[in-house]
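Content type mmCIF, C-alpha atoms, from the file run16.cif:
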data_protein
loop_
_atom_site.label_atom_id
_atom_site.label_comp_id
_atom_site.auth_asym_id
_atom_site.auth_seq_id
_atom_site.Cartn_x
_atom_site.Cartn_y
_atom_site.Cartn_z
CA MET Q 1 0.00 0.00 0.00
CA ALA Q 2 1.48 3.34 -1.02
CA SER Q 3 2.35 5.70 1.78
CA ALA Q 4 0.43 8.56 0.12
CA ASP Q 5 -2.86 6.69 0.63
CA LEU Q 6 -5.55 8.43 2.61
CA TRP Q 7 -7.63 6.69 5.26
CA ASN Q 8 -11.16 7.48 6.33
CA VAL Q 9 -11.24 8.33 10.01
CA ARG Q 10 -14.57 8.67 11.78
CA LEU Q 11 -14.41 9.92 15.34
CA SER Q 12 -16.96 11.21 17.78
CA VAL Q 13 -15.24 14.29 19.20
CA ASN Q 14 -16.98 15.96 22.12
CA GLY Q 15 -20.25 14.40 20.97
CA VAL Q 16 -19.96 15.46 17.31
CA THR Q 17 -19.24 12.84 14.65
CA ARG Q 18 -16.39 13.87 12.35
CA ASP Q 19 -15.36 12.14 9.11
CA ILE Q 20 -12.01 13.12 7.66
CA ARG Q 21 -9.58 11.51 5.22
CA VAL Q 22 -6.00 11.66 6.48
CA PRO Q 23 -2.65 10.02 5.79
CA ALA Q 24 -1.81 7.13 8.12
CA ARG Q 25 1.00 9.11 9.69
CA ARG Q 26 -1.34 11.88 10.98
CA LEU Q 27 -1.02 12.00 14.78
CA LEU Q 28 -4.26 12.22 16.73
CA SER Q 29 -2.99 15.50 18.26
CA ASP Q 30 -2.54 17.02 14.78
CA PHE Q 31 -5.86 15.59 13.63
CA LEU Q 32 -7.59 17.45 16.48
CA ARG Q 33 -5.65 20.69 16.11
CA HIS Q 34 -5.16 20.99 12.34
CA ASP Q 35 -7.96 18.99 10.74
CA LEU Q 36 -10.68 19.80 13.28
CA ARG Q 37 -9.27 23.16 14.44
CA LEU Q 38 -9.76 22.14 18.07
CA THR Q 39 -6.68 23.93 19.34
CA GLY Q 40 -7.46 23.44 23.03
CA THR Q 41 -5.35 20.27 22.93
CA HIS Q 42 -1.80 21.54 23.25
CA VAL Q 43 1.33 19.98 21.83
CA GLY Q 44 4.44 20.30 23.96
CA CYS Q 45 7.12 17.67 23.54
CA GLU Q 46 5.58 15.35 20.92
CA HIS Q 47 7.17 12.30 22.46
CA GLY Q 48 4.92 11.52 25.38
CA VAL Q 49 6.82 13.20 28.20
CA CYS Q 50 4.96 16.45 28.92
CA GLY Q 51 1.31 15.34 28.95
CA ALA Q 52 -0.03 18.59 27.43
CA CYS Q 53 -1.77 16.71 24.58
CA THR Q 54 -3.68 14.29 26.82
CA VAL Q 55 -7.25 13.56 25.67
CA LEU Q 56 -9.85 10.98 26.65
CA LEU Q 57 -10.23 8.00 24.31
CA ASP Q 58 -13.47 6.21 25.18
CA GLY Q 59 -13.12 7.81 28.62
CA VAL Q 60 -9.49 6.72 29.14
CA ALA Q 61 -6.70 9.32 29.32
CA VAL Q 62 -4.13 8.89 26.51
CA ARG Q 63 -1.37 10.92 24.89
CA SER Q 64 -2.76 12.15 21.57
CA CYS Q 65 0.80 12.72 20.25
CA LEU Q 66 1.55 9.01 20.72
CA MET Q 67 -1.39 7.76 18.73
CA LEU Q 68 -2.22 7.76 15.04
CA ALA Q 69 -5.61 9.22 14.15
CA VAL Q 70 -6.27 6.15 11.99
CA THR Q 71 -5.75 3.86 15.02
CA ALA Q 72 -8.42 5.83 16.88
CA ASP Q 73 -10.95 5.35 14.05
CA GLY Q 74 -14.38 4.63 15.54
CA ALA Q 75 -13.54 5.91 19.03
CA ARG Q 76 -15.17 8.56 21.19
CA ILE Q 77 -12.77 11.41 21.99
CA THR Q 78 -13.15 14.08 24.64
CA THR Q 79 -10.83 17.08 24.45
CA VAL Q 80 -10.56 19.97 26.88
CA GLU Q 81 -13.23 21.76 24.82
CA GLY Q 82 -15.62 18.93 25.73
CA LEU Q 83 -15.21 19.23 29.50
CA THR Q 84 -17.37 22.33 29.82
CA GLY Q 85 -21.13 21.87 30.16
CA PRO Q 86 -23.48 22.77 27.27
CA ASP Q 87 -24.31 26.04 29.06
CA GLY Q 88 -20.63 26.96 29.30
CA ALA Q 89 -20.44 26.09 32.99
CA LEU Q 90 -16.98 24.98 34.12
CA SER Q 91 -16.58 21.32 35.05
CA PRO Q 92 -15.61 20.55 38.67
CA VAL Q 93 -11.97 20.10 37.63
CA GLN Q 94 -11.92 23.37 35.69
CA GLN Q 95 -13.60 25.21 38.58
CA ALA Q 96 -11.10 23.75 41.04
CA PHE Q 97 -8.17 25.00 38.92
CA ALA Q 98 -9.68 28.49 38.96
CA ASP Q 99 -10.38 28.32 42.72
CA CYS Q 100 -6.94 26.99 43.69
CA HIS Q 101 -4.84 29.02 41.23
CA GLY Q 102 -3.81 25.75 39.58
CA LEU Q 103 -2.48 27.49 36.46
CA GLN Q 104 -0.42 30.45 35.44
CA CYS Q 105 0.48 30.51 31.73
CA GLY Q 106 -2.03 27.76 31.00
CA PHE Q 107 -0.10 25.90 28.32
CA CYS Q 108 -0.05 22.61 30.22
CA THR Q 109 -3.56 23.02 31.65
CA PRO Q 110 -5.61 21.14 29.00
CA GLY Q 111 -3.54 18.00 29.67
CA PHE Q 112 -3.94 18.33 33.42
CA LEU Q 113 -7.71 18.87 33.14
CA THR Q 114 -8.30 15.80 30.97
CA THR Q 115 -5.93 13.60 33.01
CA ILE Q 116 -7.56 14.58 36.31
CA THR Q 117 -11.10 14.26 34.89
CA ALA Q 118 -10.44 10.63 33.93
CA ALA Q 119 -8.61 9.83 37.17
CA LEU Q 120 -11.43 11.15 39.37
CA ALA Q 121 -13.95 9.04 37.45
CA ASP Q 122 -11.90 5.99 38.54
CA ASN Q 123 -11.01 7.19 42.02
CA PRO Q 124 -13.46 9.87 43.25
CA GLU Q 125 -11.72 10.42 46.61
CA PRO Q 126 -7.95 10.45 46.06
CA SER Q 127 -5.52 11.04 48.91
CA ALA Q 128 -2.88 13.78 48.56
CA GLU Q 129 -0.38 11.08 47.62
CA GLU Q 130 -2.72 9.62 45.00
CA ALA Q 131 -3.29 13.14 43.66
CA ARG Q 132 0.48 13.41 43.06
CA GLU Q 133 0.51 10.04 41.29
CA ILE Q 134 -2.40 11.17 39.08
CA ILE Q 135 -0.51 14.21 37.82
CA GLY Q 136 2.93 12.55 37.85
CA GLY Q 137 3.01 12.31 34.06
CA ASN Q 138 2.23 15.97 33.34
CA LEU Q 139 4.78 18.76 33.30
CA CYS Q 140 4.05 22.31 34.48
CA ARG Q 141 6.83 24.92 34.47
CA CYS Q 142 4.93 27.70 36.30
CA THR Q 143 3.03 26.55 39.34
CA GLY Q 144 5.43 24.32 41.23
CA TYR Q 145 2.57 21.78 41.30
CA GLN Q 146 1.42 22.48 44.87
CA ASN Q 147 -1.69 24.31 43.73
CA ILE Q 148 -2.41 21.64 41.15
CA VAL Q 149 -2.39 18.99 43.89
CA LYS Q 150 -4.79 21.23 45.84
CA ALA Q 151 -6.95 21.54 42.71
CA VAL Q 152 -7.17 17.74 42.37
CA LEU Q 153 -8.43 17.45 45.95
CA ARG Q 154 -10.77 20.43 45.50
CA ALA Q 155 -12.15 18.95 42.26
CA ALA Q 156 -12.94 15.73 44.12
CA GLU Q 157 -14.92 17.76 46.69
CA LEU Q 158 -16.79 19.68 43.98
CA ARG Q 159 -17.60 16.46 42.13
CA SER Q 160 -18.99 14.75 45.19
CA ALA Q 161 -21.00 17.87 46.13
CA ALA Q 162 -22.44 17.94 42.58
CA ASP Q 163 -23.27 14.22 42.79
CA GLN Q 164 -25.07 14.72 46.09
CA ALA Q 165 -27.02 17.70 44.68
CA ASN Q 166 -28.06 15.55 41.71
CA THR Q 167 -29.26 12.64 43.82
CA SER Q 168 -31.10 14.65 46.49
CA MET H 1 8.52 15.99 15.22
CA LYS H 2 6.10 14.17 12.91
CA PRO H 3 6.36 10.55 11.83
CA PRO H 4 7.93 9.94 8.42
CA PRO H 5 5.60 8.51 5.74
CA PHE H 6 4.93 4.77 5.95
CA GLY H 7 2.63 2.17 4.47
CA TYR H 8 -0.11 1.07 6.81
CA SER H 9 -2.40 -1.88 7.27
CA ARG H 10 -5.00 -2.60 9.89
CA PRO H 11 -5.60 -6.36 10.01
CA GLU H 12 -8.64 -7.92 11.66
CA SER H 13 -7.03 -11.25 12.59
CA VAL H 14 -3.67 -12.75 13.53
CA THR H 15 -3.57 -14.51 10.15
CA GLU H 16 -4.06 -11.21 8.32
CA ALA H 17 -1.46 -9.53 10.53
CA VAL H 18 1.14 -12.20 9.82
CA ALA H 19 0.37 -11.98 6.09
CA ALA H 20 0.79 -8.18 6.18
CA LEU H 21 4.11 -8.52 8.03
CA GLY H 22 5.20 -11.16 5.52
CA SER H 23 4.54 -8.91 2.54
CA ALA H 24 6.19 -5.92 4.23
CA ALA H 25 9.24 -7.92 5.40
CA PRO H 26 11.91 -7.01 6.24
CA ASP H 27 10.71 -3.43 6.54
CA GLY H 28 7.51 -3.91 8.54
CA LYS H 29 6.90 -3.06 12.18
CA VAL H 30 4.06 -3.97 14.51
CA LEU H 31 2.14 -1.07 16.07
CA ALA H 32 0.42 -2.09 19.32
CA GLY H 33 0.33 0.49 22.14
CA GLY H 34 2.82 2.73 20.37
CA GLN H 35 4.19 4.29 23.55
CA SER H 36 7.76 3.46 22.51
CA LEU H 37 7.31 3.23 18.74
CA LEU H 38 5.54 6.58 18.25
CA PRO H 39 8.27 8.58 20.06
CA LEU H 40 10.85 6.81 17.87
CA LEU H 41 8.83 7.74 14.77
CA ASN H 42 8.19 11.32 15.89
CA MET H 43 11.88 11.84 16.54
CA ARG H 44 12.76 10.05 13.27
CA LEU H 45 14.93 7.56 15.12
CA ALA H 46 13.05 4.77 13.34
CA THR H 47 11.74 4.80 9.77
CA PRO H 48 9.90 1.53 9.14
CA GLY H 49 8.48 1.25 5.63
CA HIS H 50 5.22 -0.26 6.78
CA LEU H 51 3.25 -0.38 10.03
CA VAL H 52 0.94 -3.26 10.86
CA ASP H 53 -1.53 -1.87 13.38
CA ILE H 54 -2.82 -4.71 15.58
CA ASN H 55 -5.21 -2.56 17.62
CA ARG H 56 -8.22 -4.28 16.05
CA LEU H 57 -7.14 -7.74 17.22
CA GLY H 58 -9.39 -7.63 20.28
CA GLU H 59 -8.87 -11.39 20.69
CA LEU H 60 -5.34 -10.59 21.94
CA GLY H 61 -6.55 -8.27 24.72
CA PHE H 62 -6.53 -10.98 27.38
CA VAL H 63 -4.84 -11.72 30.70
CA ARG H 64 -5.36 -15.17 32.15
CA VAL H 65 -3.81 -17.58 34.60
CA ASP H 66 -3.61 -21.18 33.47
CA ASP H 67 -1.41 -24.19 34.02
CA GLY H 68 1.08 -22.45 36.28
CA GLU H 69 1.54 -19.43 34.04
CA VAL H 70 0.20 -15.92 33.71
CA VAL H 71 -0.54 -15.51 30.01
CA ILE H 72 -0.71 -11.96 28.65
CA GLY H 73 -2.05 -11.26 25.16
CA ALA H 74 -0.41 -8.82 22.76
CA LEU H 75 -3.17 -6.23 23.10
CA ALA H 76 -3.44 -6.26 26.91
CA ARG H 77 -2.49 -2.77 28.10
CA HIS H 78 -0.20 -2.34 31.11
CA ALA H 79 -3.11 -0.79 33.03
CA GLN H 80 -5.29 -3.82 32.34
CA VAL H 81 -2.57 -6.25 33.46
CA LEU H 82 -1.87 -4.16 36.57
CA ALA H 83 -5.57 -4.17 37.49
CA ASP H 84 -5.90 -7.94 36.99
CA GLU H 85 -6.15 -9.34 40.51
CA ALA H 86 -5.79 -12.98 39.49
CA ALA H 87 -2.54 -12.22 37.64
CA SER H 88 -1.07 -10.23 40.53
CA TRP H 89 -2.10 -12.91 43.01
CA ALA H 90 -0.48 -15.65 40.93
CA GLN H 91 2.71 -13.68 40.22
CA PRO H 92 3.01 -10.59 42.46
CA LEU H 93 6.19 -9.41 40.69
CA ILE H 94 4.04 -8.38 37.70
CA GLY H 95 2.13 -5.76 39.69
CA GLN H 96 5.22 -4.66 41.64
CA ALA H 97 7.04 -3.93 38.37
CA LEU H 98 4.14 -2.53 36.35
CA ALA H 99 3.46 0.15 38.97
CA LEU H 100 6.93 1.51 38.07
CA VAL H 101 6.40 1.47 34.28
CA ALA H 102 6.17 5.11 33.15
CA HIS H 103 3.01 6.97 34.24
CA PRO H 104 -0.64 5.88 34.47
CA VAL H 105 -1.58 7.60 31.19
CA ILE H 106 1.23 5.80 29.31
CA ARG H 107 0.14 2.52 30.93
CA ASN H 108 -3.35 3.08 29.53
CA ARG H 109 -2.01 2.53 26.00
CA GLY H 110 1.30 0.70 26.29
CA THR H 111 1.18 -3.09 26.11
CA THR H 112 3.12 -5.52 28.29
CA VAL H 113 3.94 -7.82 25.38
CA GLY H 114 5.13 -4.80 23.41
CA SER H 115 7.47 -3.85 26.26
CA VAL H 116 9.04 -7.30 26.29
CA VAL H 117 9.42 -7.45 22.51
CA HIS H 118 10.82 -3.90 22.39
CA ALA H 119 13.70 -5.27 24.52
CA ASP H 120 14.67 -1.97 26.07
CA PRO H 121 17.42 -2.75 28.61
CA ALA H 122 15.84 -0.04 30.81
CA GLY H 123 12.42 -1.72 30.72
CA GLU H 124 10.97 -3.15 33.91
CA MET H 125 9.01 -5.89 32.15
CA THR H 126 12.01 -7.15 30.18
CA ALA H 127 13.78 -7.70 33.52
CA VAL H 128 10.74 -9.45 35.01
CA PHE H 129 10.42 -11.66 31.93
CA ALA H 130 14.13 -12.60 32.08
CA LEU H 131 14.13 -13.20 35.83
CA LEU H 132 11.07 -15.43 35.83
CA GLY H 133 12.21 -17.35 32.75
CA GLY H 134 9.09 -16.61 30.74
CA SER H 135 8.42 -17.37 27.11
CA VAL H 136 7.00 -15.57 24.07
CA LEU H 137 4.66 -17.15 21.56
CA LEU H 138 5.38 -15.97 18.02
CA ALA H 139 3.02 -16.44 15.08
CA GLY H 140 4.69 -16.41 11.66
CA SER H 141 4.07 -17.51 8.09
CA ASN H 142 5.59 -20.90 8.95
CA GLY H 143 3.43 -21.46 12.02
CA LYS H 144 3.97 -20.77 15.69
CA ARG H 145 7.06 -21.06 17.85
CA LEU H 146 7.72 -20.52 21.53
CA VAL H 147 10.96 -18.75 22.51
CA ASN H 148 12.32 -18.91 26.05
CA ALA H 149 13.55 -15.82 27.84
CA GLU H 150 17.21 -16.89 27.88
CA ASP H 151 17.22 -17.01 24.06
CA PHE H 152 14.97 -14.02 23.41
CA PHE H 153 17.13 -10.93 23.93
CA LEU H 154 19.80 -10.45 21.28
CA GLY H 155 20.93 -6.92 22.11
CA PRO H 156 19.64 -3.48 23.07
CA LEU H 157 16.21 -3.03 21.43
CA GLU H 158 16.68 -6.32 19.60
CA SER H 159 14.72 -9.46 20.31
CA ASP H 160 14.39 -12.75 18.46
CA VAL H 161 11.27 -11.81 16.50
CA ARG H 162 11.63 -12.38 12.76
CA PRO H 163 10.31 -9.75 10.32
CA ASP H 164 7.28 -11.89 9.42
CA GLU H 165 6.40 -12.77 13.02
CA LEU H 166 3.90 -11.34 15.49
CA ALA H 167 4.35 -11.90 19.23
CA THR H 168 0.85 -12.95 20.26
CA GLU H 169 1.42 -13.63 23.96
CA VAL H 170 3.94 -13.63 26.79
CA ARG H 171 3.88 -16.34 29.45
CA LEU H 172 5.26 -15.79 32.95
CA PRO H 173 5.53 -18.61 35.51
CA VAL H 174 3.51 -18.11 38.70
CA LEU H 175 5.33 -17.59 42.02
CA GLY H 176 5.94 -20.76 44.03
CA PRO H 177 4.24 -21.19 47.43
CA ARG H 178 7.55 -20.85 49.31
CA ALA H 179 8.90 -18.02 47.14
CA GLY H 180 8.78 -14.24 47.41
CA CYS H 181 9.60 -11.33 45.12
CA ALA H 182 10.30 -7.61 45.18
CA PHE H 183 11.23 -4.80 42.81
CA ALA H 184 13.38 -1.75 43.59
CA GLU H 185 14.62 1.01 41.31
CA VAL H 186 16.06 4.51 41.34
CA SER H 187 15.01 7.06 38.73
CA ARG H 188 15.68 10.79 38.53
CA ARG H 189 11.95 11.51 38.69
CA HIS H 190 9.13 9.10 39.49
CA GLY H 191 8.04 7.47 36.24
CA ASP H 192 11.29 8.16 34.37
CA TYR H 193 13.50 5.42 33.03
CA ALA H 194 15.38 3.87 35.93
CA VAL H 195 19.08 4.70 36.34
CA CYS H 196 19.25 1.20 37.81
CA GLY H 197 16.59 -1.29 38.84
CA VAL H 198 16.50 -4.73 40.43
CA ALA H 199 13.85 -7.45 40.42
CA ALA H 200 14.50 -10.21 42.96
CA VAL H 201 13.05 -13.63 43.68
CA ALA H 202 13.92 -15.80 46.70
CA GLU H 203 12.76 -19.32 47.49
CA LEU H 204 12.86 -21.20 50.80
CA ASP H 205 13.26 -24.93 51.37
CA GLY H 206 11.20 -26.93 53.87
CA ALA H 207 13.47 -25.91 56.75
CA GLY H 208 13.16 -22.21 55.89
CA ALA H 209 16.67 -21.88 54.45
CA VAL H 210 17.21 -20.04 51.17
CA SER H 211 17.28 -22.58 48.36
CA LEU H 212 17.35 -20.07 45.52
CA ALA H 213 17.96 -16.34 45.17
CA ARG H 214 18.06 -14.60 41.83
CA ALA H 215 17.94 -11.01 40.66
CA ALA H 216 17.53 -9.28 37.30
CA TYR H 217 18.96 -5.86 36.48
CA LEU H 218 17.79 -3.07 34.26
CA SER H 219 19.97 -0.32 32.81
CA VAL H 220 23.27 -2.07 33.66
CA ALA H 221 23.78 -4.10 30.45
CA GLY H 222 22.57 -4.20 26.84
CA THR H 223 20.14 -6.98 27.62
CA PRO H 224 18.43 -7.86 30.92
CA LEU H 225 21.11 -9.31 33.21
CA VAL H 226 20.08 -12.17 35.52
CA LEU H 227 22.37 -13.14 38.44
CA ASP H 228 22.17 -16.19 40.70
CA LEU H 229 22.76 -14.87 44.22
CA THR H 230 21.98 -18.08 46.11
CA ASP H 231 25.59 -18.18 47.39
CA ALA H 232 24.84 -15.11 49.53
CA GLY H 233 22.86 -17.50 51.73
CA GLY H 234 19.91 -15.26 52.46
CA ASP H 235 21.95 -12.27 53.62
CA PRO H 236 20.71 -9.28 51.60
CA ALA H 237 23.86 -7.24 52.25
CA ALA H 238 26.03 -10.12 51.02
CA ALA H 239 23.78 -10.47 47.97
CA GLY H 240 24.31 -6.77 47.28
CA ARG H 241 28.09 -7.10 47.48
CA LEU H 242 28.03 -10.20 45.28
CA ALA H 243 25.91 -8.41 42.69
CA MET H 244 28.20 -5.36 42.73
CA SER H 245 31.19 -7.56 41.97
CA ARG H 246 29.44 -9.04 38.95
CA VAL H 247 27.91 -6.06 37.13
CA THR H 248 29.88 -3.96 34.65
CA PRO H 249 27.54 -1.12 33.72
CA ALA H 250 28.40 1.65 31.28
CA ALA H 251 28.46 5.36 32.00
CA ASP H 252 26.06 7.69 30.19
CA ILE H 253 24.52 11.13 30.54
CA HIS H 254 22.39 9.96 33.49
CA ALA H 255 24.98 8.24 35.69
CA THR H 256 28.61 7.19 35.96
CA ALA H 257 29.47 3.51 35.86
CA ALA H 258 30.60 3.67 39.51
CA TYR H 259 27.26 5.14 40.60
CA ARG H 260 25.37 2.42 38.73
CA ARG H 261 27.47 -0.27 40.44
CA HIS H 262 26.74 1.36 43.77
CA LEU H 263 23.03 1.36 42.96
CA ALA H 264 23.20 -2.30 41.91
CA ARG H 265 24.52 -3.14 45.40
CA VAL H 266 22.06 -1.00 47.35
CA LEU H 267 19.03 -1.96 45.28
CA THR H 268 19.95 -5.67 45.37
CA GLU H 269 20.08 -5.45 49.16
CA ARG H 270 16.67 -3.76 49.28
CA ALA H 271 14.98 -5.99 46.72
CA MET H 272 16.45 -9.19 48.21
CA ALA H 273 15.39 -8.20 51.73
CA GLY H 274 11.89 -7.58 50.35
CA ALA H 275 11.82 -10.88 48.46
CA LEU H 276 13.00 -12.84 51.53
CA ALA H 277 10.41 -11.21 53.80
CA HIS H 278 7.75 -11.93 51.20
CA ALA H 279 8.86 -15.57 50.89
CA ARG H 280 8.78 -16.06 54.69
CA GLU H 281 5.31 -14.54 54.83
CA ARG H 282 4.05 -16.82 52.06
CA ALA H 283 5.73 -19.91 53.53
CA GLY H 284 3.89 -19.24 56.75
CA GLY H 285 6.53 -17.61 58.95
#

Since I need it in another form, could you write the structure as structure tokens?
Amino acid sequence: MASADLWNVRLSVNGVTRDIRVPARRLLSDFLRHDLRLTGTHVGCEHGVCGACTVLLDGVAVRSCLMLAVTADGARITTVEGLTGPDGALSPVQQAFADCHGLQCGFCTPGFLTTITAALADNPEPSAEEAREIIGGNLCRCTGYQNIVKAVLRAAELRSAADQANTS
Amino acid sequence: MKPPPFGYSRPESVTEAVAALGSAAPDGKVLAGGQSLLPLLNMRLATPGHLVDINRLGELGFVRVDDGEVVIGALARHAQVLADEAASWAQPLIGQALALVAHPVIRNRGTTVGSVVHADPAGEMTAVFALLGGSVLLAGSNGKRLVNAEDFFLGPLESDVRPDELATEVRLPVLGPRAGCAFAEVSRRHGDYAVCGVAAVAELDGAGAVSLARAAYLSVAGTPLVLDLTDAGGDPAAAGRLAMSRVTPAADIHATAAYRRHLARVLTERAMAGALAHARERAGG
């Protein structure tokens, strides 16, 4: 098969089905940013170290720079743009970052938000140590991480408060 | 920082995958989790002519324990293997080592079989595979063959997988009832490649004396190094000294050779003490 061949890629991105023809070598990160113009997903190191490009693939946090778009064909993707509610309300994780000053320049933030969103779905009440493990694969050069750890714990509180409000 | 152009196929079965590898040989490469391959492509350190993407082979996404072995399929992600309670109960070293493989998000995609086949001398699972004496099942155009750990690693990043072969599963022996295991490593930052790492297994005889003590080393040789430390007689400090006298690591940007030898001693002592305590606990005191 010639390398110039294009492949049909159908993805559900933040609830919208997208069909695009791309070369096999198109990274999922570039597919999101260049083909779909969803530039909320940031690209830092492009070899899996920094975590800025993290998105949710069928609810699981993955590095979009370490995945081909064609491999993801048929999957459901959530990017940082998809974390906000339909009315524009911040998600618990986003709100916690604002409350705790969990960002400064904001470049790394999309990767932190997606990573923490997935981790809290698995473990709704992390300890401070578990919060550090959750964000261990994401680099931030501004905050010194302390406020991000606080934001993880705050997000867990906001999530459980929202759950209780929904069930009462 | 974009992959070079390559041919691509997305087989739906092992037979199709082997056929695709056969027609691409010797320039084909299997894409499973991609957590090592994609960085190599992005940085243009590897330029395979054709990728065979096995992510649709859902039949290989299994972890099971049967007949004294933990069997891990080629599409089982590290996170899935780590979460598998039956596997960790049967061979606790798997969970001990996997918790140190990169970060949780990388473990969500990376595959355990891929790690072993990738043969990175800094890889935790290559050391575990070598220490336990596991085997790899390879499917090729001439049928299947099983390769034992001692014959599998040929050099850094080079394992005995032929261009037309797909590693479909890795088998790791379960831990004996009077055996224990532990893993210890030092890395610059949690989740980084280890500067040095040690996996240890110790076994007790009926009287509680050490009948076997072995350790495997990462980042001290081009292939996973396995040492028999039974002569240290169950003294972790002696095991550490014995190990230090037998490793000849290289220096690189991360550490001097002398520091790596020092780590081999200290980490052997820690891992062996852990393995012995674990063995005594399992043997019932």

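When the PyMOL selection byres ((chain H and resi 183) around 8) is evaluated on the file shown here, the picked residues come out as Leu93, Gln96, Ala97, Cys181, Ala182, Ala184, Glu185, Gly197, Val198, Ala199, Ala200 and Ala271 of chain H.
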
Produce a table with one row for each residue of chain Q that has an atom at most 10 Å from any atom of chain H, each row naming the nearest atom pair and its distance in Å at one decimal; use all atoms listed in the file; arrange rows by chain and rising residue number; format as CSV.
residue,atom,partner,partner_atom,distance
Q:Met1,CA,H:Gly7,CA,5.6
Q:Ala2,CA,H:Gly7,CA,5.7
Q:Ser3,CA,H:Gly7,CA,4.4
Q:Ala4,CA,H:Pro5,CA,7.6
Q:Asp5,CA,H:Gly7,CA,8.1
Q:Trp7,CA,H:Tyr8,CA,9.5
Q:Pro23,CA,H:Pro5,CA,8.4
Q:Ala24,CA,H:Tyr8,CA,6.4
Q:Arg25,CA,H:Pro3,CA,5.9
Q:Arg26,CA,H:Pro3,CA,7.9
Q:Leu27,CA,H:Lys2,CA,7.7
Q:Asp30,CA,H:Lys2,CA,9.3
Q:Cys45,CA,H:Met1,CA,8.6
Q:Glu46,CA,H:Met1,CA,6.4
Q:His47,CA,H:Pro39,CA,4.6
Q:Gly48,CA,H:Pro39,CA,6.9
Q:Val49,CA,H:Asp192,CA,9.1
Q:Gly51,CA,H:Val105,CA,8.6
Q:Thr54,CA,H:Val105,CA,8.3
Q:Val55,CA,H:Val105,CA,9.9
Q:Leu57,CA,H:Asn108,CA,9.9
Q:Val60,CA,H:Asn108,CA,7.1
Q:Ala61,CA,H:Val105,CA,5.7
Q:Val62,CA,H:Val105,CA,5.5
Q:Arg63,CA,H:Val105,CA,7.1
Q:Cys65,CA,H:Leu38,CA,8.0
Q:Leu66,CA,H:Leu38,CA,5.3
Q:Met67,CA,H:Gly34,CA,6.8
Q:Leu68,CA,H:Leu38,CA,8.5
Q:Val70,CA,H:Arg10,CA,9.1
Q:Thr71,CA,H:Asn55,CA,6.9
Q:Ala72,CA,H:Asn55,CA,9.0
Q:Thr115,CA,H:Val105,CA,7.6
Q:Ala118,CA,H:Val105,CA,9.8
Q:Ala119,CA,H:Pro104,CA,9.3
Q:Glu133,CA,H:Pro104,CA,8.1
Q:Ile134,CA,H:Pro104,CA,7.2
Q:Ile135,CA,H:His103,CA,8.8
Q:Gly136,CA,H:His103,CA,6.6
Q:Gly137,CA,H:His103,CA,5.3
Q:Asn138,CA,H:His103,CA,9.1

Taking the file above as input, evaluate the PyMOL selection byres ((chain H and resi 141) around 12) and report the hits as a VMD selection string. chain H and resid 14 to 23 25 138 to 140 142 to 145 162 to 166

List, as a short mmCIF file (atom, residue, chain, number, x, y, z; two decimals) with C-alpha atoms, in the frame of the given file, every residue that the PyMOL selection byres ((chain H and resi 63) around 10) selects in the file provided.
data_model
loop_
_atom_site.label_atom_id
_atom_site.label_comp_id
_atom_site.auth_asym_id
_atom_site.auth_seq_id
_atom_site.Cartn_x
_atom_site.Cartn_y
_atom_site.Cartn_z
CA LEU H 60 -5.34 -10.59 21.94
CA GLY H 61 -6.55 -8.27 24.72
CA PHE H 62 -6.53 -10.98 27.38
CA ARG H 64 -5.36 -15.17 32.15
CA VAL H 65 -3.81 -17.58 34.60
CA ASP H 66 -3.61 -21.18 33.47
CA VAL H 70 0.20 -15.92 33.71
CA VAL H 71 -0.54 -15.51 30.01
CA ILE H 72 -0.71 -11.96 28.65
CA GLY H 73 -2.05 -11.26 25.16
CA ALA H 74 -0.41 -8.82 22.76
CA LEU H 75 -3.17 -6.23 23.10
CA ALA H 76 -3.44 -6.26 26.91
CA ARG H 77 -2.49 -2.77 28.10
CA GLN H 80 -5.29 -3.82 32.34
CA VAL H 81 -2.57 -6.25 33.46
CA ASP H 84 -5.90 -7.94 36.99
CA ALA H 86 -5.79 -12.98 39.49
CA ALA H 87 -2.54 -12.22 37.64
CA GLU H 169 1.42 -13.63 23.96
CA VAL H 170 3.94 -13.63 26.79
CA ARG H 171 3.88 -16.34 29.45
#

Which residues are close to Ser12 in chain Q, i.e. within 8 Å by all atoms listed in the file, leaving aside same-chain residues fewer than 3 positions away? Reply as JSON, numbers by chain. {"Q": [15, 16, 17, 18, 74, 75, 76, 77]}

Quote the spacing between CA of Asp228 in chain H and CA of Leu137 in chain H in Å to one decimal place. 26.0 Å

What does the distance between CA of Asp231 in chain H and CA of Arg260 in chain H come to in Å, to one decimal place? 22.3 Å

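Put simply, CA of Val30 in chain H is 18.9 Å away from CA of Ser135 in chain H.
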
If you count only C-alpha atoms, which residues fall within 12 Å of Gly102 in chain Q, apart from same-chain ones fewer than 4 positions away, as a list in words?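 After dropping sequence-adjacent residues, the list is Val93, Gln94, Gln95, Ala96, Phe97, Ala98, Gly106, Phe107, Cys108, Thr109, Pro110, Phe112, Leu113, Cys140, Arg141, Cys142, Thr143, Gly144, Tyr145, Gln146, Asn147, Ile148, Val149, Lys150, Ala151, Val152, Leu153, Arg154 and Ala155 of chain Q.
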
Can you pull out every residue within 9 Å of Thr39 in chain Q, counting only C-alpha atoms, but drop anything in the same chain fewer than 6 positions away, and send it as an MDAnalysis selection string? chainID Q and resid 32:33 81

Using only C-alpha atoms, find the one residue out of H:Val161, H:Ala99, H:Ala215, H:Ala257 that sits nearest to Val128 in chain H. H:Ala215
